[in-house]
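K.L.:
So here's data-v3.txt (compact mmCIF, C-alpha atoms).
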```txt
# COMPACT_ATOMS: atom_id res chain seq x y z
CA MET H 1 -47.76 30.46 -14.25
CA PRO H 2 -47.91 33.92 -15.95
CA ASP H 3 -50.99 35.92 -15.08
CA ASP H 4 -51.00 38.07 -18.19
CA ILE H 5 -53.61 36.32 -20.33
CA VAL H 6 -55.82 38.90 -22.05
CA ILE H 7 -59.48 37.98 -21.72
CA ASP H 8 -61.62 39.12 -24.67
CA ALA H 9 -64.99 37.89 -23.41
CA ALA H 10 -66.58 36.11 -20.49
CA VAL H 11 -69.54 33.80 -20.08
CA ASP H 12 -71.17 32.28 -17.04
CA ILE H 13 -72.51 28.79 -17.62
CA THR H 14 -73.32 27.98 -14.00
CA ASP H 15 -77.05 28.59 -14.60
CA VAL H 16 -77.53 25.65 -16.95
CA VAL H 17 -76.90 21.89 -16.87
CA CYS H 18 -75.12 19.56 -19.28
CA PRO H 19 -75.22 19.40 -22.27
CA VAL H 20 -76.50 23.00 -22.40
CA THR H 21 -73.32 24.01 -20.54
CA PHE H 22 -71.24 23.03 -23.55
CA VAL H 23 -73.80 24.54 -25.91
CA LYS H 24 -73.66 27.88 -24.12
CA ALA H 25 -69.85 27.84 -24.09
CA LYS H 26 -69.86 26.95 -27.79
CA VAL H 27 -72.18 29.84 -28.62
CA ALA H 28 -69.94 32.26 -26.68
CA ILE H 29 -66.74 31.09 -28.33
CA ASP H 30 -68.43 31.29 -31.73
CA GLU H 31 -68.74 35.05 -31.25
CA LEU H 32 -64.98 35.51 -30.88
CA ASP H 33 -62.35 35.90 -33.54
CA ASP H 34 -59.74 33.24 -33.98
CA GLY H 35 -57.02 33.66 -31.35
CA GLN H 36 -59.18 35.50 -28.82
CA ALA H 37 -59.62 34.21 -25.27
CA LEU H 38 -62.85 33.40 -23.46
CA SER H 39 -63.24 33.12 -19.71
CA ILE H 40 -65.92 30.65 -18.65
CA ARG H 41 -67.39 30.31 -15.15
CA VAL H 42 -68.12 26.58 -14.79
CA ASN H 43 -69.76 24.61 -11.99
CA ASP H 44 -67.90 21.83 -10.23
CA GLY H 45 -69.01 18.29 -11.05
CA GLU H 46 -70.21 17.22 -14.49
CA PRO H 47 -69.70 20.63 -16.16
CA VAL H 48 -66.02 20.99 -15.20
CA ARG H 49 -65.44 17.39 -16.23
CA ASN H 50 -67.17 17.75 -19.63
CA VAL H 51 -66.81 21.30 -20.91
CA PRO H 52 -62.99 21.65 -21.11
CA ARG H 53 -62.72 18.27 -22.84
CA SER H 54 -65.50 19.06 -25.32
CA LEU H 55 -63.94 22.40 -26.21
CA LYS H 56 -60.57 20.73 -26.64
CA ASP H 57 -62.19 18.14 -28.93
CA GLU H 58 -63.38 21.01 -31.11
CA GLY H 59 -59.79 22.14 -31.48
CA HIS H 60 -59.67 25.03 -29.01
CA ARG H 61 -56.76 25.55 -26.60
CA ILE H 62 -57.30 25.31 -22.87
CA LEU H 63 -55.07 28.01 -21.34
CA ARG H 64 -56.00 27.66 -17.68
CA LEU H 65 -58.46 26.01 -15.32
CA SER H 66 -58.53 27.41 -11.79
CA ASP H 67 -60.65 26.64 -8.75
CA ASN H 68 -62.58 29.71 -7.53
CA GLY H 69 -63.11 28.07 -4.15
CA ASP H 70 -66.90 28.57 -4.23
CA GLY H 71 -67.96 25.45 -6.11
CA THR H 72 -67.08 26.99 -9.47
CA TYR H 73 -64.03 27.06 -11.70
CA SER H 74 -62.66 29.64 -14.13
CA LEU H 75 -61.78 28.14 -17.47
CA ILE H 76 -59.78 30.19 -19.96
CA VAL H 77 -59.97 28.99 -23.58
CA ARG H 78 -58.32 30.38 -26.70
CA LYS H 79 -60.44 30.09 -29.83
CA THR H 80 -58.54 28.06 -32.39
CA GLY H 81 -59.87 27.48 -35.89
CA MET P 1 -78.96 37.02 -33.20
CA ALA P 2 -78.64 35.81 -29.64
CA PHE P 3 -80.09 32.58 -28.28
CA SER P 4 -82.14 32.64 -25.11
CA ASN P 5 -81.24 30.02 -22.52
CA GLU P 6 -84.46 28.24 -23.48
CA GLN P 7 -83.48 28.17 -27.14
CA LEU P 8 -80.01 26.90 -26.23
CA GLU P 9 -81.65 24.08 -24.38
CA ARG P 10 -84.29 23.45 -27.04
CA TYR P 11 -81.75 23.21 -29.86
CA SER P 12 -78.84 21.83 -27.81
CA ARG P 13 -78.81 18.50 -29.66
CA HIS P 14 -78.43 20.38 -32.94
CA ILE P 15 -75.85 22.89 -31.73
CA ILE P 16 -73.46 20.25 -30.41
CA LEU P 17 -73.40 18.59 -33.84
CA LYS P 18 -70.26 19.74 -35.64
CA GLU P 19 -72.12 19.93 -38.96
CA ILE P 20 -74.88 22.14 -37.55
CA GLY P 21 -73.43 24.11 -34.67
CA VAL P 22 -74.36 27.67 -33.82
CA LYS P 23 -74.18 28.85 -37.43
CA GLY P 24 -76.37 26.03 -38.73
CA GLN P 25 -79.03 26.56 -36.09
CA LYS P 26 -79.11 30.29 -36.84
CA ARG P 27 -79.54 29.50 -40.52
CA LEU P 28 -82.46 27.21 -39.71
CA MET P 29 -84.07 29.88 -37.57
CA THR P 30 -83.76 32.51 -40.28
CA GLY P 31 -84.67 30.08 -43.07
CA SER P 32 -88.01 29.08 -44.56
CA ALA P 33 -89.63 26.04 -46.18
CA LEU P 34 -92.92 25.49 -48.02
CA ILE P 35 -94.68 22.14 -47.67
CA ILE P 36 -97.17 21.50 -50.46
CA GLY P 37 -99.59 18.89 -49.17
CA ALA P 38 -100.29 18.30 -45.47
CA GLY P 39 -100.84 14.57 -45.92
CA GLY P 40 -98.71 11.48 -45.61
CA LEU P 41 -95.39 13.03 -46.54
CA GLY P 42 -96.16 16.55 -45.38
CA SER P 43 -97.15 15.41 -41.87
CA PRO P 44 -93.82 14.12 -40.58
CA ALA P 45 -91.96 16.76 -42.56
CA ALA P 46 -93.94 19.55 -40.92
CA LEU P 47 -93.43 18.12 -37.43
CA TYR P 48 -89.68 17.76 -37.82
CA LEU P 49 -89.18 21.14 -39.47
CA ALA P 50 -91.06 22.76 -36.60
CA ALA P 51 -88.99 20.80 -34.10
CA ALA P 52 -85.82 21.91 -35.86
CA GLY P 53 -86.80 25.55 -35.45
CA VAL P 54 -87.10 26.46 -39.13
CA GLY P 55 -88.09 30.11 -38.85
CA ARG P 56 -90.98 30.19 -41.27
CA ILE P 57 -92.90 27.15 -42.58
CA GLY P 58 -95.68 27.40 -45.15
CA ILE P 59 -98.32 24.68 -45.54
CA VAL P 60 -100.52 24.34 -48.61
CA ASP P 61 -103.59 22.08 -48.55
CA ALA P 62 -107.23 22.48 -49.61
CA ASP P 63 -108.62 19.45 -47.79
CA ALA P 64 -110.15 18.66 -44.43
CA VAL P 65 -109.00 15.73 -42.32
CA GLU P 66 -110.78 12.43 -43.07
CA ILE P 67 -110.71 9.21 -41.08
CA SER P 68 -108.84 7.31 -43.80
CA ASN P 69 -105.99 9.82 -43.48
CA LEU P 70 -105.25 8.86 -39.90
CA GLN P 71 -103.53 5.59 -40.77
CA ARG P 72 -100.52 7.56 -42.02
CA GLN P 73 -100.98 11.34 -41.87
CA ILE P 74 -99.44 11.51 -38.49
CA ILE P 75 -99.87 15.20 -37.78
CA HIS P 76 -103.66 14.77 -37.72
CA ALA P 77 -105.69 13.05 -35.02
CA THR P 78 -109.24 11.77 -34.51
CA PRO P 79 -110.55 15.04 -33.02
CA ASP P 80 -109.33 16.83 -36.19
CA ILE P 81 -111.73 14.99 -38.52
CA GLY P 82 -113.52 17.68 -40.53
CA VAL P 83 -110.95 20.37 -39.65
CA PRO P 84 -108.92 21.90 -42.50
CA LYS P 85 -105.60 20.08 -42.66
CA ILE P 86 -103.61 23.31 -42.61
CA GLU P 87 -105.24 24.30 -39.34
CA SER P 88 -104.70 20.89 -37.78
CA ALA P 89 -101.08 20.99 -38.90
CA ARG P 90 -100.46 24.50 -37.65
CA ARG P 91 -101.74 23.72 -34.17
CA LYS P 92 -99.45 20.70 -33.74
CA MET P 93 -96.44 22.51 -35.18
CA ASN P 94 -96.81 25.45 -32.82
CA ALA P 95 -97.44 23.09 -29.91
CA ILE P 96 -94.03 21.59 -30.60
CA ASN P 97 -92.38 24.94 -31.21
CA PRO P 98 -94.12 28.28 -30.57
CA ASP P 99 -91.15 30.14 -32.12
CA VAL P 100 -91.89 28.84 -35.61
CA LYS P 101 -94.07 31.04 -37.81
CA VAL P 102 -96.54 28.76 -39.62
CA GLU P 103 -98.14 30.30 -42.71
CA THR P 104 -101.17 28.44 -44.02
CA TYR P 105 -102.68 28.41 -47.52
CA HIS P 106 -106.13 26.82 -47.78
CA THR P 107 -105.84 26.00 -51.46
CA MET P 108 -104.46 23.56 -54.00
CA ALA P 109 -101.29 24.54 -55.80
CA ASP P 110 -102.13 25.22 -59.44
CA GLY P 111 -100.81 27.09 -62.44
CA LYS P 112 -102.27 30.36 -61.19
CA ASN P 113 -100.79 30.39 -57.68
CA VAL P 114 -97.73 28.14 -57.62
CA MET P 115 -95.14 30.69 -58.68
CA GLU P 116 -96.24 33.15 -56.02
CA LEU P 117 -96.50 30.45 -53.36
CA ILE P 118 -92.95 29.23 -53.85
CA SER P 119 -91.42 32.67 -54.27
CA ASN P 120 -91.48 33.38 -50.54
CA TYR P 121 -89.59 30.32 -49.36
CA ASP P 122 -86.01 29.03 -49.44
CA PHE P 123 -86.81 25.34 -49.89
CA ILE P 124 -89.90 23.62 -51.29
CA MET P 125 -91.22 20.19 -50.31
CA ASP P 126 -93.48 18.16 -52.55
CA GLY P 127 -95.95 16.29 -50.35
CA THR P 128 -98.57 15.87 -53.06
CA ASP P 129 -100.21 12.66 -54.20
CA ASN P 130 -100.80 13.15 -57.90
CA PHE P 131 -98.64 13.56 -60.96
CA GLY P 132 -100.24 16.76 -62.16
CA ALA P 133 -99.12 18.46 -58.96
CA LYS P 134 -95.70 16.81 -58.97
CA PHE P 135 -94.89 18.02 -62.45
CA LEU P 136 -96.35 21.43 -61.66
CA ILE P 137 -94.11 21.80 -58.60
CA ASN P 138 -91.07 20.57 -60.49
CA ASP P 139 -91.58 22.92 -63.39
CA ALA P 140 -92.31 25.88 -61.10
CA CYS P 141 -89.20 25.26 -59.01
CA VAL P 142 -86.96 24.86 -62.05
CA ILE P 143 -88.34 28.04 -63.63
CA ALA P 144 -88.09 30.00 -60.35
CA LYS P 145 -84.69 28.45 -59.50
CA LYS P 146 -85.90 27.08 -56.17
CA PRO P 147 -84.46 23.91 -54.61
CA PHE P 148 -87.02 21.26 -53.76
CA SER P 149 -87.52 17.75 -52.49
CA HIS P 150 -89.61 15.38 -54.62
CA ALA P 151 -91.00 12.16 -53.17
CA GLY P 152 -93.57 9.46 -53.80
CA ILE P 153 -94.83 6.43 -51.90
CA LEU P 154 -96.97 3.43 -52.80
CA ARG P 155 -97.64 0.09 -51.15
CA PHE P 156 -94.36 -0.83 -49.45
CA GLN P 157 -92.14 1.43 -51.53
CA GLY P 158 -90.95 4.97 -51.51
CA GLN P 159 -88.53 7.16 -53.38
CA THR P 160 -87.11 10.64 -53.08
CA ILE P 161 -84.76 12.93 -54.97
CA THR P 162 -83.65 16.51 -54.32
CA TYR P 163 -83.39 19.21 -56.96
CA VAL P 164 -80.96 22.07 -56.50
CA PRO P 165 -80.81 24.55 -59.40
CA GLY P 166 -77.78 23.90 -61.58
CA GLU P 167 -76.68 20.87 -59.58
CA GLY P 168 -78.34 17.96 -61.27
CA PRO P 169 -81.50 16.56 -62.82
CA CYS P 170 -85.04 17.68 -62.19
CA TYR P 171 -88.07 15.42 -61.95
CA ARG P 172 -88.74 15.76 -65.67
CA CYS P 173 -85.24 14.45 -66.46
CA LEU P 174 -86.31 11.30 -64.69
CA PHE P 175 -89.82 11.18 -66.16
CA PRO P 176 -90.09 13.46 -69.21
CA VAL P 177 -93.81 12.94 -69.73
CA PRO P 178 -96.57 12.74 -67.12
CA PRO P 179 -98.56 9.51 -67.29
CA PRO P 180 -102.26 9.69 -68.25
CA PRO P 181 -104.61 10.18 -65.27
CA ASP P 182 -105.44 6.55 -64.51
CA ALA P 183 -102.29 4.84 -65.69
CA ILE P 184 -100.57 4.55 -62.31
CA PRO P 185 -102.41 3.41 -59.17
CA THR P 186 -102.91 5.85 -56.32
CA CYS P 187 -102.57 5.10 -52.61
CA SER P 188 -106.33 4.81 -52.30
CA GLN P 189 -106.39 2.22 -55.09
CA ALA P 190 -103.29 0.19 -54.24
CA GLY P 191 -102.73 1.00 -50.59
CA VAL P 192 -99.69 2.20 -48.72
CA ILE P 193 -98.14 1.06 -45.46
CA GLY P 194 -98.57 3.90 -42.96
CA ALA P 195 -95.02 4.18 -41.71
CA MET P 196 -93.71 4.54 -45.26
CA ALA P 197 -95.02 8.10 -45.17
CA GLY P 198 -92.93 8.61 -42.05
CA VAL P 199 -89.74 7.16 -43.51
CA ILE P 200 -89.86 9.14 -46.73
CA GLY P 201 -91.36 12.31 -45.23
CA CYS P 202 -88.60 12.34 -42.62
CA LEU P 203 -85.97 11.92 -45.33
CA GLN P 204 -87.46 14.97 -47.00
CA ALA P 205 -87.30 16.89 -43.73
CA LEU P 206 -83.64 15.93 -43.40
CA GLU P 207 -82.90 17.24 -46.88
CA ALA P 208 -84.61 20.53 -46.04
CA VAL P 209 -82.71 20.89 -42.76
CA LYS P 210 -79.42 20.00 -44.44
CA TYR P 211 -80.03 22.47 -47.25
CA LEU P 212 -80.93 25.31 -44.89
CA ALA P 213 -78.13 24.56 -42.41
CA ARG P 214 -75.66 23.83 -45.25
CA ALA P 215 -74.76 20.42 -43.87
CA GLY P 216 -73.82 17.21 -45.61
CA LYS P 217 -74.58 16.03 -49.12
CA LEU P 218 -78.03 16.24 -50.66
CA LEU P 219 -79.77 13.76 -52.93
CA THR P 220 -78.98 15.78 -56.02
CA GLY P 221 -78.71 13.49 -59.02
CA VAL P 222 -79.53 10.52 -56.79
CA LEU P 223 -82.91 8.83 -56.51
CA LEU P 224 -83.08 7.13 -53.14
CA THR P 225 -85.48 4.19 -53.30
CA TYR P 226 -86.72 2.17 -50.36
CA ASP P 227 -88.44 -1.22 -50.29
CA ALA P 228 -89.95 -1.90 -46.88
CA LEU P 229 -90.64 -5.55 -47.59
CA THR P 230 -86.97 -6.32 -48.14
CA MET P 231 -85.68 -3.38 -46.04
CA GLU P 232 -83.45 -2.32 -48.86
CA PHE P 233 -82.37 1.23 -49.62
CA ARG P 234 -80.85 1.88 -53.02
CA ARG P 235 -79.18 4.92 -54.46
CA VAL P 236 -79.78 5.21 -58.20
CA LYS P 237 -77.68 7.72 -60.09
CA ILE P 238 -79.83 9.99 -62.26
CA PRO P 239 -78.18 12.05 -64.99
CA ALA P 240 -79.52 15.47 -66.02
CA ARG P 241 -81.02 15.37 -69.50
CA ARG P 242 -79.44 17.92 -71.81
CA ASP P 243 -82.70 18.05 -73.75
CA CYS P 244 -84.99 18.20 -70.68
CA ALA P 245 -88.11 20.16 -71.53
CA VAL P 246 -87.87 22.36 -68.46
CA CYS P 247 -84.26 22.34 -67.15
CA GLY P 248 -82.40 21.64 -70.39
CA ALA P 249 -80.50 24.12 -72.54
CA ASN P 250 -83.42 24.59 -74.98
CA ALA P 251 -86.30 24.39 -72.52
CA THR P 252 -89.76 24.36 -74.09
CA VAL P 253 -91.64 24.48 -70.78
CA THR P 254 -91.50 28.09 -69.65
CA GLU P 255 -94.69 28.15 -67.61
CA ALA P 256 -95.78 25.82 -64.81
CA VAL P 257 -99.18 24.27 -65.49
CA ASN P 258 -100.92 21.19 -64.19
CA CYS P 259 -100.37 18.95 -67.22
CA VAL P 260 -102.87 16.37 -66.14
CA THR P 261 -105.81 18.66 -65.43
CA ALA P 262 -105.01 21.41 -67.93
CA PRO P 263 -106.50 20.86 -71.38
CA VAL P 264 -103.38 21.92 -73.22
CA CYS P 265 -99.80 21.41 -72.21
CA GLU P 266 -97.30 23.30 -74.31
CA GLY P 267 -94.34 21.29 -75.47
CA ILE P 268 -95.54 18.11 -73.84
CA ASP P 269 -96.97 15.24 -75.83
CA ILE P 270 -99.39 13.47 -73.51
CA MET J 1 -73.60 -12.44 -70.16
CA LYS J 2 -73.98 -10.89 -66.73
CA LEU J 3 -76.22 -7.85 -66.17
CA THR J 4 -76.88 -6.00 -62.94
CA VAL J 5 -80.59 -5.20 -62.99
CA GLY J 6 -81.96 -3.12 -60.13
CA GLY J 7 -78.93 -4.02 -58.02
CA ASN J 8 -79.15 -7.76 -58.70
CA VAL J 9 -76.63 -9.63 -60.85
CA LYS J 10 -78.26 -12.07 -63.26
CA GLU J 11 -77.36 -14.12 -66.33
CA PHE J 12 -78.87 -13.27 -69.69
CA LYS J 13 -78.33 -14.36 -73.29
CA GLU J 14 -75.87 -12.39 -75.41
CA GLY J 15 -77.25 -9.61 -77.60
CA LEU J 16 -80.30 -8.97 -75.40
CA THR J 17 -82.06 -5.68 -76.18
CA VAL J 18 -83.66 -3.38 -73.60
CA SER J 19 -87.12 -4.36 -74.92
CA GLU J 20 -86.30 -8.03 -74.45
CA LEU J 21 -85.00 -7.37 -70.93
CA ILE J 22 -88.21 -5.50 -70.05
CA GLU J 23 -90.17 -8.55 -71.15
CA ALA J 24 -87.85 -11.01 -69.42
CA GLU J 25 -88.14 -9.07 -66.16
CA GLY J 26 -91.92 -9.01 -66.38
CA ILE J 27 -92.15 -5.20 -66.20
CA LYS J 28 -95.86 -4.51 -65.87
CA THR J 29 -95.96 -0.97 -67.24
CA PRO J 30 -93.32 -0.78 -69.98
CA MET J 31 -94.80 2.40 -71.40
CA TYR J 32 -94.32 4.26 -68.09
CA VAL J 33 -90.89 3.09 -67.03
CA THR J 34 -87.68 5.08 -67.29
CA VAL J 35 -84.61 3.00 -68.17
CA SER J 36 -80.99 3.87 -67.53
CA VAL J 37 -78.06 1.74 -68.69
CA ASN J 38 -74.69 2.47 -67.04
CA ASP J 39 -76.14 5.70 -65.57
CA GLU J 40 -77.33 7.02 -68.94
CA PHE J 41 -80.98 7.21 -69.99
CA VAL J 42 -82.21 5.09 -72.88
CA GLU J 43 -85.09 6.75 -74.71
CA SER J 44 -88.22 4.63 -75.02
CA GLY J 45 -87.99 4.89 -78.81
CA ASP J 46 -84.62 3.12 -78.61
CA PHE J 47 -85.65 0.21 -76.37
CA ALA J 48 -85.96 -2.23 -79.27
CA SER J 49 -82.61 -1.35 -80.79
CA ALA J 50 -80.47 -0.82 -77.67
CA VAL J 51 -78.32 -3.92 -77.24
CA LEU J 52 -76.99 -4.72 -73.77
CA LYS J 53 -73.39 -5.80 -73.16
CA ASP J 54 -71.72 -8.00 -70.56
CA ASN J 55 -71.46 -6.23 -67.15
CA ASP J 56 -73.95 -3.49 -68.03
CA THR J 57 -75.91 -2.00 -65.12
CA VAL J 58 -79.60 -1.44 -65.80
CA GLU J 59 -82.06 0.49 -63.65
CA PHE J 60 -85.85 0.55 -64.05
CA LEU J 61 -87.41 3.66 -62.52
CA TYR J 62 -91.12 3.85 -61.84
CA PHE J 63 -93.58 6.61 -61.23
CA MET J 64 -94.70 6.74 -57.65
CA GLY J 65 -97.41 9.28 -57.21
CA GLY J 66 -98.63 8.83 -53.67
CA GLY J 67 -97.76 11.25 -50.95
CA HIS J 68 -101.06 12.04 -49.37
```
Let's see the structure in the file written out as structure tokens.
P.N.:
Amino acid sequence: MPDDIVIDAAVDITDVVCPVTFVKAKVAIDELDDGQALSIRVNDGEPVRNVPRSLKDEGHRILRLSDNGDGTYSLIVRKTG
Amino acid sequence: MAFSNEQLERYSRHIILKEIGVKGQKRLMTGSALIIGAGGLGSPAALYLAAAGVGRIGIVDADAVEISNLQRQIIHATPDIGVPKIESARRKMNAINPDVKVETYHTMADGKNVMELISNYDFIMDGTDNFGAKFLINDACVIAKKPFSHAGILRFQGQTITYVPGEGPCYRCLFPVPPPPDAIPTCSQAGVIGAMAGVIGCLQALEAVKYLARAGKLLTGVLLTYDALTMEFRRVKIPARRDCAVCGANATVTEAVNCVTAPVCEGIDI
Amino acid sequence: MKLTVGGNVKEFKEGLTVSELIEAEGIKTPMYVTVSVNDEFVESGDFASAVLKDNDTVEFLYFMGGGH
């Protein structure tokens, strides 16, 4: 998988619980321009199960989800629409 | 404008709604509403607007809380008897949401103060209980080009309509002439079921939130009526009157006065 | 002829005027009611002369002053 995705912004949502996880991600992606990429640090468990799906439901593109090995994941999303 | 983590959590149920989202919540937090009358309708409206995080909320009321209010004026409680309603309201609103700026006006809206009162707010809510005030608020809002929510309740019925400048009828289109002072029964004469104030007041709060957040369709040109005995809601289409005395092309009402208490009412045949 | 009055479909005699409908429906405060027929207002001065047709929709709108 190519490792040349340009990240335009990053947000850490490991300090909040669902549904505020999605809310925080939504607020961060709202700040970007269409087409820009956001990197999100997500906790394992409910957040990693819910947040990618919720963002996808809003029309954004999930570029990558990778396990950081420390109980968190890195989710890369491209703002779409 | 950045949200704190606490605000994200507080407004999370709004922000995840597609129709509100981040933009809508920001609009609410930078928006303002004036509630004229902290009684039956004003009570639930004030509580929900505070909960929604409307940035600035004005409350106008000259009265103190009385025991007969408590059956329906849900923002007031037994320990508030004798306390000015605006003060009782402000305390509960800030208890729900300390971020909201509550501005209180210990007065009745009348011809002398209404234009200035409404000038500082984005959306006006009629929570009054008499026709003089209802026509006054309507006329003032039409003249000042302010959107507002009109409502009335009696016995087991309620109705509400929303006026947005240029988008439909005003209250005078619906009722061109105010009735004489004792022609229509008041709540104290005919009674009103307590929760009706909640139903209709909450509908008014929804209209205010939707207007400020720019979500959904408002009750412009539609009178929503509710009968609690039959549990029937009806939407009645209301046309704008071309010859309306205040919002029509050749308006004769150019000043907002209380037509019922004022001795002379220009252009109106009482 | 059929008229829808306040959302309810009822049978009435042909050629009924708005005034006659107000009486037939037992409207208690005819001087303070707003009438619309097919989403258009009928002025109170025209109640006696406005003739209703088959399938017309009539709404009676009442003042409701309470709020406090």
K.L.:
Can you check which residues of chain J have any atom within 12 Å of chain P? Use all atoms listed in the file and format it as a ChimeraX atom specification.
P.N.:
/J:5-8,28-44,57-68
K.L.:
Choose the residue, out of H:Val51, H:Val20, H:Val77, H:Asp67, that has the smallest atom-to-atom separation from Phe3 (chain P); count only C-alpha atoms.
P.N.:
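Once distances to Phe3 (chain P) are computed over only C-alpha atoms, the minimum belongs to H:Val20.
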K.L.:
What gap, in Å, lies between CA of Lys24 (chain H) and CA of Val11 (chain H)?
P.N.:
8.3 Å
K.L.:
Select from chain P every residue with an atom at most 10 Å from any atom of chain H, then for each give the shortest pair of atoms and their distance in Å to one decimal, using all atoms listed in the file, rows by chain and rising number, as a Markdown table.
P.N.:
```
| residue | atom | partner | partner_atom | distance |
| --- | --- | --- | --- | --- |
| P:Ala2 | CA | H:Val27 | CA | 8.9 |
| P:Phe3 | CA | H:Val27 | CA | 8.4 |
| P:Ser4 | CA | H:Lys24 | CA | 9.8 |
| P:Asn5 | CA | H:Val16 | CA | 8.0 |
| P:Glu6 | CA | H:Val20 | CA | 9.6 |
| P:Gln7 | CA | H:Val20 | CA | 9.9 |
| P:Leu8 | CA | H:Val20 | CA | 6.5 |
| P:Glu9 | CA | H:Val20 | CA | 5.6 |
| P:Arg10 | CA | H:Val20 | CA | 9.1 |
| P:Tyr11 | CA | H:Val23 | CA | 9.0 |
| P:Ser12 | CA | H:Val20 | CA | 6.0 |
| P:Arg13 | CA | H:Pro19 | CA | 8.3 |
| P:His14 | CA | H:Val23 | CA | 9.4 |
| P:Ile15 | CA | H:Val23 | CA | 6.4 |
| P:Ile16 | CA | H:Val23 | CA | 6.2 |
| P:Leu17 | CA | H:Val23 | CA | 9.9 |
| P:Lys18 | CA | H:Glu58 | CA | 8.3 |
| P:Gly21 | CA | H:Lys26 | CA | 8.3 |
| P:Val22 | CA | H:Val27 | CA | 6.0 |
| P:Lys23 | CA | H:Asp30 | CA | 8.5 |
```
K.L.:
Could you tell me how far CA of Asp70 (chain H) sits from CA of Asp12 (chain H), in Å to one decimal place?
P.N.:
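According to the coordinates, CA of Asp12 (chain H) and CA of Asp70 (chain H) are separated by 14.0 Å.
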K.L.:
From (-69.7, 24.4, -5.9), in the file's coordinates, out to 9 Å: which residues are reached, counting all atoms listed in the file? Answer as a list of chain:residue names.
P.N.:
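Result, sorted by chain then residue number: H:Asn43, H:Asp44, H:Gly45, H:Gly69, H:Asp70, H:Gly71, H:Thr72, H:Tyr73.
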K.L.:
What's the 10 Å shell around Ile5 (chain H), counting all atoms listed in the file, without same-chain residues fewer than 4 positions away, as a PyMOL selection string?
P.N.:
chain H and resi 37+63-64+76+78
K.L.:
Using only C-alpha atoms, which protein or nucleic acid residues come within 7 Å of Asn55 (chain J)? Drop anything in the same chain fewer than 3 positions from it, and give the result as a ChimeraX atom specification.
P.N.:
/J:2-4
K.L.:
Complete region 67-78 of chain H with N, CA and C atoms (output as a CSV table (one decimal), keeping the file's coordinate frame).
P.N.:
```
chain,number,residue,atom,x,y,z
H,67,ASP,N,-59.6,26.8,-9.7
H,67,ASP,CA,-60.6,26.6,-8.8
H,67,ASP,C,-61.0,28.0,-8.1
H,68,ASN,N,-62.2,28.4,-8.1
H,68,ASN,CA,-62.6,29.7,-7.5
H,68,ASN,C,-62.9,29.6,-6.0
H,69,GLY,N,-62.9,28.3,-5.6
H,69,GLY,CA,-63.1,28.1,-4.2
H,69,GLY,C,-64.6,28.2,-3.7
H,70,ASP,N,-65.5,28.4,-4.6
H,70,ASP,CA,-66.9,28.6,-4.2
H,70,ASP,C,-67.8,27.6,-5.0
H,71,GLY,N,-67.2,26.5,-5.4
H,71,GLY,CA,-68.0,25.4,-6.1
H,71,GLY,C,-67.9,25.7,-7.6
H,72,THR,N,-67.2,26.7,-8.0
H,72,THR,CA,-67.1,27.0,-9.5
H,72,THR,C,-65.6,27.1,-9.8
H,73,TYR,N,-65.4,27.0,-11.1
H,73,TYR,CA,-64.0,27.1,-11.7
H,73,TYR,C,-64.0,28.2,-12.7
H,74,SER,N,-62.8,28.7,-13.0
H,74,SER,CA,-62.7,29.6,-14.1
H,74,SER,C,-61.8,28.9,-15.2
H,75,LEU,N,-62.4,28.8,-16.4
H,75,LEU,CA,-61.8,28.1,-17.5
H,75,LEU,C,-61.4,29.2,-18.5
H,76,ILE,N,-60.2,29.2,-18.9
H,76,ILE,CA,-59.8,30.2,-20.0
H,76,ILE,C,-59.4,29.4,-21.2
H,77,VAL,N,-60.1,29.7,-22.3
H,77,VAL,CA,-60.0,29.0,-23.6
H,77,VAL,C,-59.6,30.0,-24.7
H,78,ARG,N,-58.6,29.5,-25.5
H,78,ARG,CA,-58.3,30.4,-26.7
H,78,ARG,C,-59.0,29.8,-27.9
```
